[in-house]
>>> print(open('my_file01.cif').read())   # mmCIF, C-alpha atoms
data_coords
loop_
_atom_site.group_PDB
_atom_site.id
_atom_site.type_symbol
_atom_site.label_atom_id
_atom_site.label_comp_id
_atom_site.auth_asym_id
_atom_site.auth_seq_id
_atom_site.Cartn_x
_atom_site.Cartn_y
_atom_site.Cartn_z
ATOM 1 C CA MET C 9 -18.848 141.595 174.697
ATOM 2 C CA LEU C 10 -15.147 140.761 174.878
ATOM 3 C CA LEU C 11 -12.058 142.829 174.193
ATOM 4 C CA VAL C 12 -8.869 141.315 172.822
ATOM 5 C CA VAL C 13 -5.820 142.499 174.764
ATOM 6 C CA VAL C 14 -2.327 141.889 173.461
ATOM 7 C CA GLU C 15 0.414 141.811 176.081
ATOM 8 C CA HIS C 16 3.938 140.630 175.355
ATOM 9 C CA LYS C 17 2.818 138.982 172.122
ATOM 10 C CA GLU C 18 0.072 137.039 173.930
ATOM 11 C CA GLN C 19 -3.612 137.581 173.348
ATOM 12 C CA ARG C 20 -6.283 137.208 175.987
ATOM 13 C CA MET C 21 -9.978 137.957 176.066
ATOM 14 C CA ILE C 22 -11.397 140.138 178.826
ATOM 15 C CA PRO C 23 -14.934 141.476 179.357
ATOM 16 C CA VAL C 24 -15.309 145.004 177.974
ATOM 17 C CA ASP C 25 -17.681 146.082 180.771
ATOM 18 C CA ARG C 26 -14.806 145.642 183.226
ATOM 19 C CA TYR C 27 -13.497 149.001 181.952
ATOM 20 C CA LEU C 28 -16.724 150.892 181.347
ATOM 21 C CA PRO C 29 -17.313 153.789 183.764
ATOM 22 C CA LEU C 30 -21.041 153.884 182.910
ATOM 23 C CA PHE C 31 -23.673 151.223 182.311
ATOM 24 C CA SER C 32 -27.017 151.505 180.577
ATOM 25 C CA VAL C 33 -29.971 150.707 182.812
ATOM 26 C CA GLU C 34 -30.283 147.401 180.952
ATOM 27 C CA GLN C 35 -26.633 146.526 181.644
ATOM 28 C CA ALA C 36 -26.998 147.497 185.309
ATOM 29 C CA ALA C 37 -30.122 145.329 185.576
ATOM 30 C CA ALA C 38 -28.261 142.369 184.081
ATOM 31 C CA ARG C 39 -25.370 142.813 186.531
ATOM 32 C CA LEU C 40 -27.822 142.979 189.446
ATOM 33 C CA GLY C 41 -29.881 140.032 188.202
ATOM 34 C CA ILE C 42 -33.120 142.033 188.048
ATOM 35 C CA SER C 43 -35.487 142.882 185.231
ATOM 36 C CA ARG C 44 -35.073 145.959 183.068
ATOM 37 C CA ALA C 45 -38.464 147.255 184.233
ATOM 38 C CA PHE C 46 -37.537 146.883 187.909
ATOM 39 C CA ALA C 47 -34.225 148.668 187.297
ATOM 40 C CA TYR C 48 -36.104 151.612 185.766
ATOM 41 C CA GLN C 49 -38.432 151.624 188.807
ATOM 42 C CA LEU C 50 -35.410 151.804 191.117
ATOM 43 C CA VAL C 51 -34.028 154.723 189.091
ATOM 44 C CA ALA C 52 -37.380 156.541 189.261
ATOM 45 C CA ARG C 53 -37.508 156.041 193.060
ATOM 46 C CA GLY C 54 -33.915 157.216 193.427
ATOM 47 C CA GLU C 55 -32.750 153.868 194.815
ATOM 48 C CA LEU C 56 -30.468 153.207 191.844
ATOM 49 C CA PRO C 57 -28.353 156.326 191.216
ATOM 50 C CA ALA C 58 -28.397 157.343 187.574
ATOM 51 C CA LEU C 59 -27.513 160.221 185.286
ATOM 52 C CA ARG C 60 -29.343 161.507 182.253
ATOM 53 C CA LEU C 61 -27.113 162.138 179.252
ATOM 54 C CA GLY C 62 -29.386 163.619 176.639
ATOM 55 C CA ARG C 63 -32.136 161.034 176.201
ATOM 56 C CA ARG C 64 -30.016 158.277 177.693
ATOM 57 C CA ILE C 65 -30.085 157.170 181.327
ATOM 58 C CA VAL C 66 -26.828 155.680 182.614
ATOM 59 C CA VAL C 67 -25.703 154.213 185.920
ATOM 60 C CA PRO C 68 -22.164 155.064 187.062
ATOM 61 C CA ARG C 69 -20.042 152.006 187.817
ATOM 62 C CA HIS C 70 -19.078 153.283 191.278
ATOM 63 C CA ALA C 71 -22.749 153.817 192.195
ATOM 64 C CA LEU C 72 -23.575 150.256 191.181
ATOM 65 C CA ASP C 73 -20.608 148.896 193.145
ATOM 66 C CA GLU C 74 -21.615 150.936 196.230
ATOM 67 C CA LEU C 75 -25.221 149.715 195.991
ATOM 68 C CA VAL C 76 -24.061 146.096 195.932
ATOM 69 C CA ALA C 77 -21.612 146.710 198.812
ATOM 70 C CA ARG C 78 -24.360 148.328 200.950
ATOM 71 C CA ALA C 79 -26.750 145.473 200.239
ATOM 72 C CA SER C 80 -24.076 142.910 201.083
ATOM 73 C CA SER C 81 -23.175 144.561 204.383
ATOM 74 C CA ALA C 82 -26.838 144.984 205.383
ATOM 75 C CA SER C 83 -27.562 141.253 205.115
#
>>> encode(input="my_file01.cif", output="structure tokens")
Amino acid sequence: MLLVVVEHKEQRMIPVDRYLPLFSVEQAAARLGISRAFAYQLVARGELPALRLGRRIVVPRHALDELVARASSAS
């Protein structure tokens, strides 16, 4: 999904998820390049930090960024 930003009478398209503080498990899986099912397994095992908001499970952006940073530094 793209967001239209108007600055100084110029329009440009930017990805909306760049500004989202929370991702659905499906969005987090897509960003990590893993399946939705595997992402839910990681959440259940506590390896992918997540919050429950009512019936919804969301992954905070900072937790996803930290997970990627840890994985990058470990390899």
>>> axis_aligned_box(input="my_file01.cif", around="region 67-74 of chain C", padding_each_side="5 Å", output="AutoDock Vina command-line options")
--center_x -22.4 --center_y 152.0 --center_z 191.1 --size_x 16.6 --size_y 16.2 --size_z 20.3
>>> residues_around(input="my_file01.cif", residues="region 43-60 of chain C", least_positions_apart="6", cutoff="9 Å", atoms="all atoms listed in the file", output="mmCIF file with C-alpha atoms, in the frame of the given file")
data_model
loop_
_atom_site.group_PDB
_atom_site.id
_atom_site.type_symbol
_atom_site.label_atom_id
_atom_site.label_comp_id
_atom_site.auth_asym_id
_atom_site.auth_seq_id
_atom_site.Cartn_x
_atom_site.Cartn_y
_atom_site.Cartn_z
ATOM 1 C CA VAL C 33 -29.971 150.707 182.812
ATOM 2 C CA GLU C 34 -30.283 147.401 180.952
ATOM 3 C CA GLN C 35 -26.633 146.526 181.644
ATOM 4 C CA ALA C 36 -26.998 147.497 185.309
ATOM 5 C CA ALA C 37 -30.122 145.329 185.576
ATOM 6 C CA VAL C 66 -26.828 155.680 182.614
ATOM 7 C CA VAL C 67 -25.703 154.213 185.920
ATOM 8 C CA PRO C 68 -22.164 155.064 187.062
ATOM 9 C CA ALA C 71 -22.749 153.817 192.195
ATOM 10 C CA LEU C 72 -23.575 150.256 191.181
ATOM 11 C CA LEU C 75 -25.221 149.715 195.991
#
>>> atom_distance(input="my_file01.cif", atom1="CA of Arg63 (chain C)", atom2="CA of Leu40 (chain C)")
22.8 Å
>>> closest_residue(input="my_file01.cif", among="C:Arg69, C:Ala79, C:Arg64, C:Glu74", to="Phe31 (chain C)", atoms="only C-alpha atoms")
C:Arg69
>>> build_atoms(input="my_file01.cif", residues="region 48-74 of chain C", atoms="N, CA and C atoms", output="JSON list (two decimals), keeping the file's coordinate frame")
[["chain", "number", "residue", "atom", "x", "y", "z"],
["C", 48, "TYR", "N", -35.57, 150.27, 186.04],
["C", 48, "TYR", "CA", -36.10, 151.61, 185.77],
["C", 48, "TYR", "C", -36.95, 152.12, 186.94],
["C", 49, "GLN", "N", -37.68, 151.22, 187.61],
["C", 49, "GLN", "CA", -38.43, 151.62, 188.81],
["C", 49, "GLN", "C", -37.49, 152.11, 189.90],
["C", 50, "LEU", "N", -36.39, 151.40, 190.11],
["C", 50, "LEU", "CA", -35.41, 151.80, 191.12],
["C", 50, "LEU", "C", -34.80, 153.16, 190.79],
["C", 51, "VAL", "N", -34.55, 153.42, 189.52],
["C", 51, "VAL", "CA", -34.03, 154.72, 189.09],
["C", 51, "VAL", "C", -35.06, 155.81, 189.38],
["C", 52, "ALA", "N", -36.32, 155.55, 189.04],
["C", 52, "ALA", "CA", -37.38, 156.54, 189.26],
["C", 52, "ALA", "C", -37.55, 156.85, 190.74],
["C", 53, "ARG", "N", -37.37, 155.84, 191.61],
["C", 53, "ARG", "CA", -37.51, 156.04, 193.06],
["C", 53, "ARG", "C", -36.24, 156.60, 193.69],
["C", 54, "GLY", "N", -35.18, 156.70, 192.91],
["C", 54, "GLY", "CA", -33.92, 157.22, 193.43],
["C", 54, "GLY", "C", -33.09, 156.19, 194.18],
["C", 55, "GLU", "N", -33.48, 154.93, 194.11],
["C", 55, "GLU", "CA", -32.75, 153.87, 194.82],
["C", 55, "GLU", "C", -31.57, 153.34, 194.01],
["C", 56, "LEU", "N", -31.59, 153.55, 192.72],
["C", 56, "LEU", "CA", -30.47, 153.21, 191.84],
["C", 56, "LEU", "C", -29.98, 154.52, 191.23],
["C", 57, "PRO", "N", -28.84, 155.04, 191.71],
["C", 57, "PRO", "CA", -28.35, 156.33, 191.22],
["C", 57, "PRO", "C", -28.10, 156.27, 189.72],
["C", 58, "ALA", "N", -28.55, 157.31, 189.03],
["C", 58, "ALA", "CA", -28.40, 157.34, 187.57],
["C", 58, "ALA", "C", -28.23, 158.78, 187.11],
["C", 59, "LEU", "N", -27.70, 158.92, 185.92],
["C", 59, "LEU", "CA", -27.51, 160.22, 185.29],
["C", 59, "LEU", "C", -28.25, 160.22, 183.97],
["C", 60, "ARG", "N", -28.73, 161.37, 183.58],
["C", 60, "ARG", "CA", -29.34, 161.51, 182.25],
["C", 60, "ARG", "C", -28.35, 162.22, 181.35],
["C", 61, "LEU", "N", -28.00, 161.56, 180.26],
["C", 61, "LEU", "CA", -27.11, 162.14, 179.25],
["C", 61, "LEU", "C", -27.92, 162.26, 177.97],
["C", 62, "GLY", "N", -28.47, 163.43, 177.76],
["C", 62, "GLY", "CA", -29.39, 163.62, 176.64],
["C", 62, "GLY", "C", -30.64, 162.80, 176.90],
["C", 63, "ARG", "N", -30.98, 161.91, 176.00],
["C", 63, "ARG", "CA", -32.14, 161.03, 176.20],
["C", 63, "ARG", "C", -31.78, 159.74, 176.90],
["C", 64, "ARG", "N", -30.50, 159.53, 177.13],
["C", 64, "ARG", "CA", -30.02, 158.28, 177.69],
["C", 64, "ARG", "C", -29.90, 158.35, 179.21],
["C", 65, "ILE", "N", -30.26, 157.27, 179.88],
["C", 65, "ILE", "CA", -30.08, 157.17, 181.33],
["C", 65, "ILE", "C", -28.98, 156.16, 181.56],
["C", 66, "VAL", "N", -27.96, 156.56, 182.34],
["C", 66, "VAL", "CA", -26.83, 155.68, 182.61],
["C", 66, "VAL", "C", -26.59, 155.58, 184.12],
["C", 67, "VAL", "N", -26.01, 154.47, 184.51],
["C", 67, "VAL", "CA", -25.70, 154.21, 185.92],
["C", 67, "VAL", "C", -24.19, 154.19, 186.05],
["C", 68, "PRO", "N", -23.62, 155.08, 186.88],
["C", 68, "PRO", "CA", -22.16, 155.06, 187.06],
["C", 68, "PRO", "C", -21.71, 153.77, 187.73],
["C", 69, "ARG", "N", -20.59, 153.26, 187.30],
["C", 69, "ARG", "CA", -20.04, 152.01, 187.82],
["C", 69, "ARG", "C", -19.87, 152.07, 189.33],
["C", 70, "HIS", "N", -19.32, 153.18, 189.83],
["C", 70, "HIS", "CA", -19.08, 153.28, 191.28],
["C", 70, "HIS", "C", -20.38, 153.26, 192.06],
["C", 71, "ALA", "N", -21.45, 153.83, 191.51],
["C", 71, "ALA", "CA", -22.75, 153.82, 192.20],
["C", 71, "ALA", "C", -23.30, 152.40, 192.27],
["C", 72, "LEU", "N", -23.12, 151.64, 191.20],
["C", 72, "LEU", "CA", -23.58, 150.26, 191.18],
["C", 72, "LEU", "C", -22.77, 149.42, 192.17],
["C", 73, "ASP", "N", -21.47, 149.63, 192.20],
["C", 73, "ASP", "CA", -20.61, 148.90, 193.14],
["C", 73, "ASP", "C", -20.97, 149.23, 194.58],
["C", 74, "GLU", "N", -21.25, 150.51, 194.88],
["C", 74, "GLU", "CA", -21.62, 150.94, 196.23],
["C", 74, "GLU", "C", -22.97, 150.34, 196.64]]
